[in-house]
>>> print(open('protein.txt').read())   # compact mmCIF, C-alpha atoms
# COMPACT_ATOMS: atom_id res chain seq x y z
CA MET A 1 52.53 -99.64 204.51
CA MET A 2 55.52 -99.70 202.19
CA SER A 3 56.09 -97.46 199.19
CA ASP A 4 57.56 -98.78 195.98
CA PRO A 5 61.29 -98.03 195.77
CA VAL A 6 62.18 -94.97 193.70
CA SER A 7 65.58 -94.49 192.09
CA ARG A 8 66.94 -91.14 190.88
CA ASN A 9 70.28 -89.78 189.70
CA LEU A 10 71.73 -86.68 191.32
CA VAL A 11 73.11 -83.96 189.05
CA CYS A 12 76.21 -81.92 189.72
CA HIS A 13 75.80 -78.18 190.21
CA PRO A 14 77.22 -76.48 187.08
CA GLN A 15 79.47 -74.20 189.18
CA THR A 16 81.11 -77.15 190.99
CA PRO A 17 82.10 -79.75 188.39
CA SER A 18 83.90 -82.96 189.32
CA ARG A 19 86.00 -85.03 186.93
CA SER A 20 86.29 -87.82 189.50
CA ILE A 21 82.60 -88.73 189.76
CA ASP A 22 80.78 -90.65 187.06
CA ALA A 23 77.38 -90.79 188.77
CA ILE A 24 75.54 -90.60 192.08
CA ASN A 25 72.31 -92.56 192.33
CA VAL A 26 69.84 -92.59 195.21
CA ARG A 27 67.23 -95.24 195.93
CA VAL A 28 64.44 -94.33 198.36
CA GLU A 29 61.55 -96.14 199.95
CA CYS A 30 59.25 -95.79 202.91
CA ALA A 31 59.25 -99.06 204.79
CA THR A 32 56.86 -100.45 207.36
CA GLY A 33 56.99 -98.62 210.66
CA SER A 34 57.66 -95.16 209.13
CA ILE A 35 61.24 -95.99 208.19
CA LEU A 36 62.77 -93.94 205.39
CA ALA A 37 65.37 -96.13 203.67
CA LEU A 38 67.96 -94.35 201.51
CA SER A 39 70.72 -95.88 199.44
CA PHE A 40 73.30 -93.51 197.92
CA VAL A 41 75.73 -95.00 195.37
CA LEU A 42 78.66 -92.89 194.18
CA GLN A 43 80.59 -94.25 191.19
CA GLY A 44 83.92 -92.82 190.12
CA ASP A 45 87.59 -92.52 190.99
CA LEU A 46 87.42 -92.85 194.78
CA ALA A 47 91.21 -92.52 195.08
CA SER A 48 90.90 -88.88 194.00
CA LEU A 49 88.26 -88.11 196.63
CA ARG A 50 88.45 -87.48 200.37
CA ILE A 51 86.24 -90.09 202.00
CA PRO A 52 85.97 -89.69 205.79
CA VAL A 53 87.39 -92.61 207.75
CA GLN A 54 85.29 -94.68 210.12
CA GLN A 55 84.52 -92.98 213.43
CA PRO A 56 82.42 -93.89 216.45
CA ARG A 57 78.73 -93.56 215.61
CA ARG A 58 77.62 -90.20 216.96
CA GLN A 59 75.78 -87.01 216.05
CA VAL A 60 78.18 -84.37 214.65
CA ASP A 61 77.60 -80.88 213.24
CA ALA A 62 79.03 -79.52 209.97
CA LEU A 63 79.33 -82.85 208.17
CA TRP A 64 78.54 -80.97 204.94
CA ARG A 65 82.04 -79.48 204.95
CA HIS A 66 83.33 -82.85 203.72
CA THR A 67 81.95 -85.79 201.77
CA CYS A 68 78.46 -86.60 203.02
CA PHE A 69 75.01 -87.54 201.75
CA GLU A 70 71.90 -85.60 202.69
CA ALA A 71 68.13 -85.83 202.74
CA PHE A 72 65.75 -82.92 203.24
CA LEU A 73 62.15 -83.80 204.09
CA VAL A 74 58.96 -81.73 204.22
CA THR A 75 55.48 -82.95 205.06
CA GLY A 76 52.39 -81.13 203.87
CA ASP A 77 52.95 -77.62 202.55
CA GLY A 78 55.74 -76.76 204.97
CA PRO A 79 57.27 -74.34 205.68
CA GLY A 80 59.04 -76.49 208.26
CA TYR A 81 61.37 -79.27 207.17
CA ARG A 82 64.04 -81.67 208.44
CA GLU A 83 67.60 -82.18 207.29
CA TYR A 84 69.57 -85.40 207.68
CA ASN A 85 73.32 -85.73 207.00
CA PHE A 86 75.03 -89.12 206.67
CA SER A 87 78.81 -89.36 206.55
CA PRO A 88 80.76 -92.35 205.24
CA SER A 89 82.46 -92.16 208.65
CA GLY A 90 79.24 -93.39 210.27
CA GLU A 91 78.63 -90.00 211.86
CA TRP A 92 75.29 -88.29 211.30
CA ALA A 93 73.27 -85.16 212.00
CA ALA A 94 69.56 -84.30 212.07
CA TYR A 95 68.08 -80.81 212.16
CA ALA A 96 64.60 -79.32 212.31
CA PHE A 97 63.89 -76.03 210.49
CA ARG A 98 60.86 -73.80 211.06
CA GLY A 99 61.15 -72.35 207.55
CA TYR A 100 63.74 -71.63 204.86
CA ARG A 101 67.08 -71.71 206.70
CA GLN A 102 65.30 -70.82 209.97
CA ALA A 103 67.10 -73.34 212.11
CA GLY A 104 65.50 -74.89 215.08
CA ALA A 105 67.50 -76.94 217.50
CA ALA A 106 69.41 -80.01 216.44
CA SER A 107 66.88 -82.78 216.29
CA ASP A 108 66.78 -85.27 219.15
CA GLU A 109 65.65 -88.09 216.89
CA SER A 110 67.04 -91.55 217.32
CA ALA A 111 70.28 -92.33 215.53
CA PRO A 112 69.89 -93.59 211.97
CA VAL A 113 71.23 -96.96 210.91
CA ILE A 114 74.15 -96.36 208.52
CA ARG A 115 75.93 -99.05 206.50
CA LEU A 116 78.84 -98.46 204.14
CA GLN A 117 80.33 -100.54 201.34
CA ARG A 118 83.45 -99.39 199.53
CA ARG A 119 85.04 -100.82 196.42
CA ALA A 120 87.63 -99.38 194.03
CA GLN A 121 85.14 -97.39 191.94
CA ARG A 122 81.99 -97.54 194.10
CA LEU A 123 80.95 -96.11 197.44
CA ALA A 124 77.52 -97.16 198.73
CA LEU A 125 75.96 -95.68 201.85
CA GLU A 126 72.66 -96.98 203.16
CA ALA A 127 70.78 -95.07 205.84
CA GLU A 128 67.54 -95.83 207.62
CA VAL A 129 65.77 -93.03 209.45
CA SER A 130 62.81 -93.54 211.77
CA LEU A 131 60.29 -90.84 210.86
CA GLU A 132 57.89 -89.35 213.33
CA LEU A 133 55.31 -88.11 210.86
CA PRO A 134 52.24 -86.11 211.85
CA PRO A 135 48.93 -88.01 211.84
CA LEU A 136 47.28 -88.42 208.43
CA THR A 137 50.52 -87.76 206.54
CA ARG A 138 50.22 -89.54 203.22
CA SER A 139 53.11 -88.04 201.33
CA ILE A 140 56.44 -86.36 201.85
CA ARG A 141 58.60 -84.23 199.58
CA LEU A 142 62.31 -84.97 199.55
CA GLY A 143 65.41 -83.09 198.55
CA LEU A 144 68.25 -85.56 198.07
CA SER A 145 71.82 -84.35 197.78
CA ALA A 146 75.51 -85.02 198.26
CA VAL A 147 78.59 -82.97 198.98
CA VAL A 148 81.75 -84.61 197.66
CA GLU A 149 85.24 -83.46 198.61
CA ALA A 150 88.08 -83.92 196.13
CA ALA A 151 91.63 -84.70 197.22
CA ASP A 152 92.53 -81.01 196.70
CA GLY A 153 89.80 -79.94 199.15
CA SER A 154 87.39 -78.58 196.53
CA LEU A 155 83.72 -79.51 196.91
CA SER A 156 81.18 -80.57 194.32
CA TYR A 157 77.46 -80.31 195.06
CA TRP A 158 74.96 -82.86 193.77
CA ALA A 159 71.16 -82.80 194.01
CA LEU A 160 67.96 -83.98 192.36
CA ARG A 161 67.42 -80.42 191.15
CA HIS A 162 69.36 -77.19 191.67
CA PRO A 163 67.64 -73.80 191.95
CA PRO A 164 69.23 -70.90 190.04
CA GLY A 165 72.38 -69.40 191.57
CA LYS A 166 74.86 -70.96 193.93
CA PRO A 167 74.27 -74.43 195.43
CA ASP A 168 71.41 -74.33 197.95
CA PHE A 169 70.00 -77.62 199.19
CA HIS A 170 67.56 -75.80 201.50
CA HIS A 171 65.70 -74.10 198.62
CA ALA A 172 62.16 -75.45 198.11
CA ASP A 173 62.84 -76.08 194.40
CA GLY A 174 65.28 -78.81 195.44
CA PHE A 175 62.55 -80.80 197.22
CA ALA A 176 61.86 -82.53 193.92
CA LEU A 177 60.78 -86.05 194.87
CA LEU A 178 57.25 -86.78 196.09
CA LEU A 179 56.75 -90.05 197.96
CA ASP A 180 53.19 -91.19 198.55
CA GLY A 181 52.22 -93.67 201.20
CA CYS A 182 54.81 -92.93 203.87
>>> encode(input="protein.txt", output="structure tokens")
Amino acid sequence: MMSDPVSRNLVCHPQTPSRSIDAINVRVECATGSILALSFVLQGDLASLRIPVQQPRRQVDALWRHTCFEAFLVTGDGPGYREYNFSPSGEWAAYAFRGYRQAGAASDESAPVIRLQRRAQRLALEAEVSLELPPLTRSIRLGLSAVVEAADGSLSYWALRHPPGKPDFHHADGFALLLDGC
């Protein structure tokens, strides 16, 4: 089964503005074989951003300290969820959480497919994640986000929806996209 593609814009957290970024759009679909396909497109002044350089494809912790794109996924009512980080470097991370910020071990899932295209004012990262969903799962809730590092080292935080207070991608209010038919 394949879901219809869904496209959404991420919004910048009001406490972390960025003058260098015009927009970040994410396109999502569940493809045949339980593949979650994500396409993040950042438009803006890339020369004023720190974009990680290409590295060997491997799982790496703390990618969120620099420019990276993220997906948070919950099936059913939770409270457990998964976190995926995709760096423009080609590095990635996957985590399983038992509940809100209750980390489990780093996930041993297979490596995602990551493709990157870079132009003067456009950075596009495509990621495909093989999901191992529980039986009878018909829908998933997603939190989609990005951390973008400026040349001066400051970070801006982008998400579908931000809960009140400081940036928090793990908060349930950020899991704002429902995909049926995954």
>>> residues_around(input="protein.txt", residues="Leu36 in chain A", least_positions_apart="2", cutoff="8 Å", atoms="only C-alpha atoms", output="ChimeraX atom specification")
/A:28-31,34,38,128-131
>>> axis_aligned_box(input="protein.txt", around="range 70-88 of chain A", padding_each_side="5 Å", output="AutoDock Vina command-line options")
--center_x 66.6 --center_y -83.3 --center_z 205.5 --size_x 38.4 --size_y 28.0 --size_z 15.9
>>> atom_distance(input="protein.txt", atom1="CA of Asp180 in chain A", atom2="CA of Arg98 in chain A")
22.8 Å
>>> closest_residue(input="protein.txt", among="A:Ser48, A:Thr32, A:Asn85, A:Ser145", to="Trp64 in chain A", atoms="only C-alpha atoms")
A:Asn85
>>> atom_distance(input="protein.txt", atom1="CA of Gln54 in chain A", atom2="CA of Tyr95 in chain A")
22.2 Å
>>> atom_distance(input="protein.txt", atom1="CA of Ser7 in chain A", atom2="CA of Pro79 in chain A")
25.7 Å
>>> closest_residue(input="protein.txt", among="A:Glu91, A:Glu126, A:Asp45, A:Glu83", to="Gly143 in chain A", atoms="all atoms listed in the file")
A:Glu83
>>> closest_residue(input="protein.txt", among="A:Leu144, A:Ala37, A:Ala151, A:Ala47", to="Asp4 in chain A", atoms="only C-alpha atoms")
A:Ala37
>>> closest_residue(input="protein.txt", among="A:Arg57, A:His13, A:Arg8, A:Arg27", to="Ala124 in chain A", atoms="all atoms listed in the file")
A:Arg27
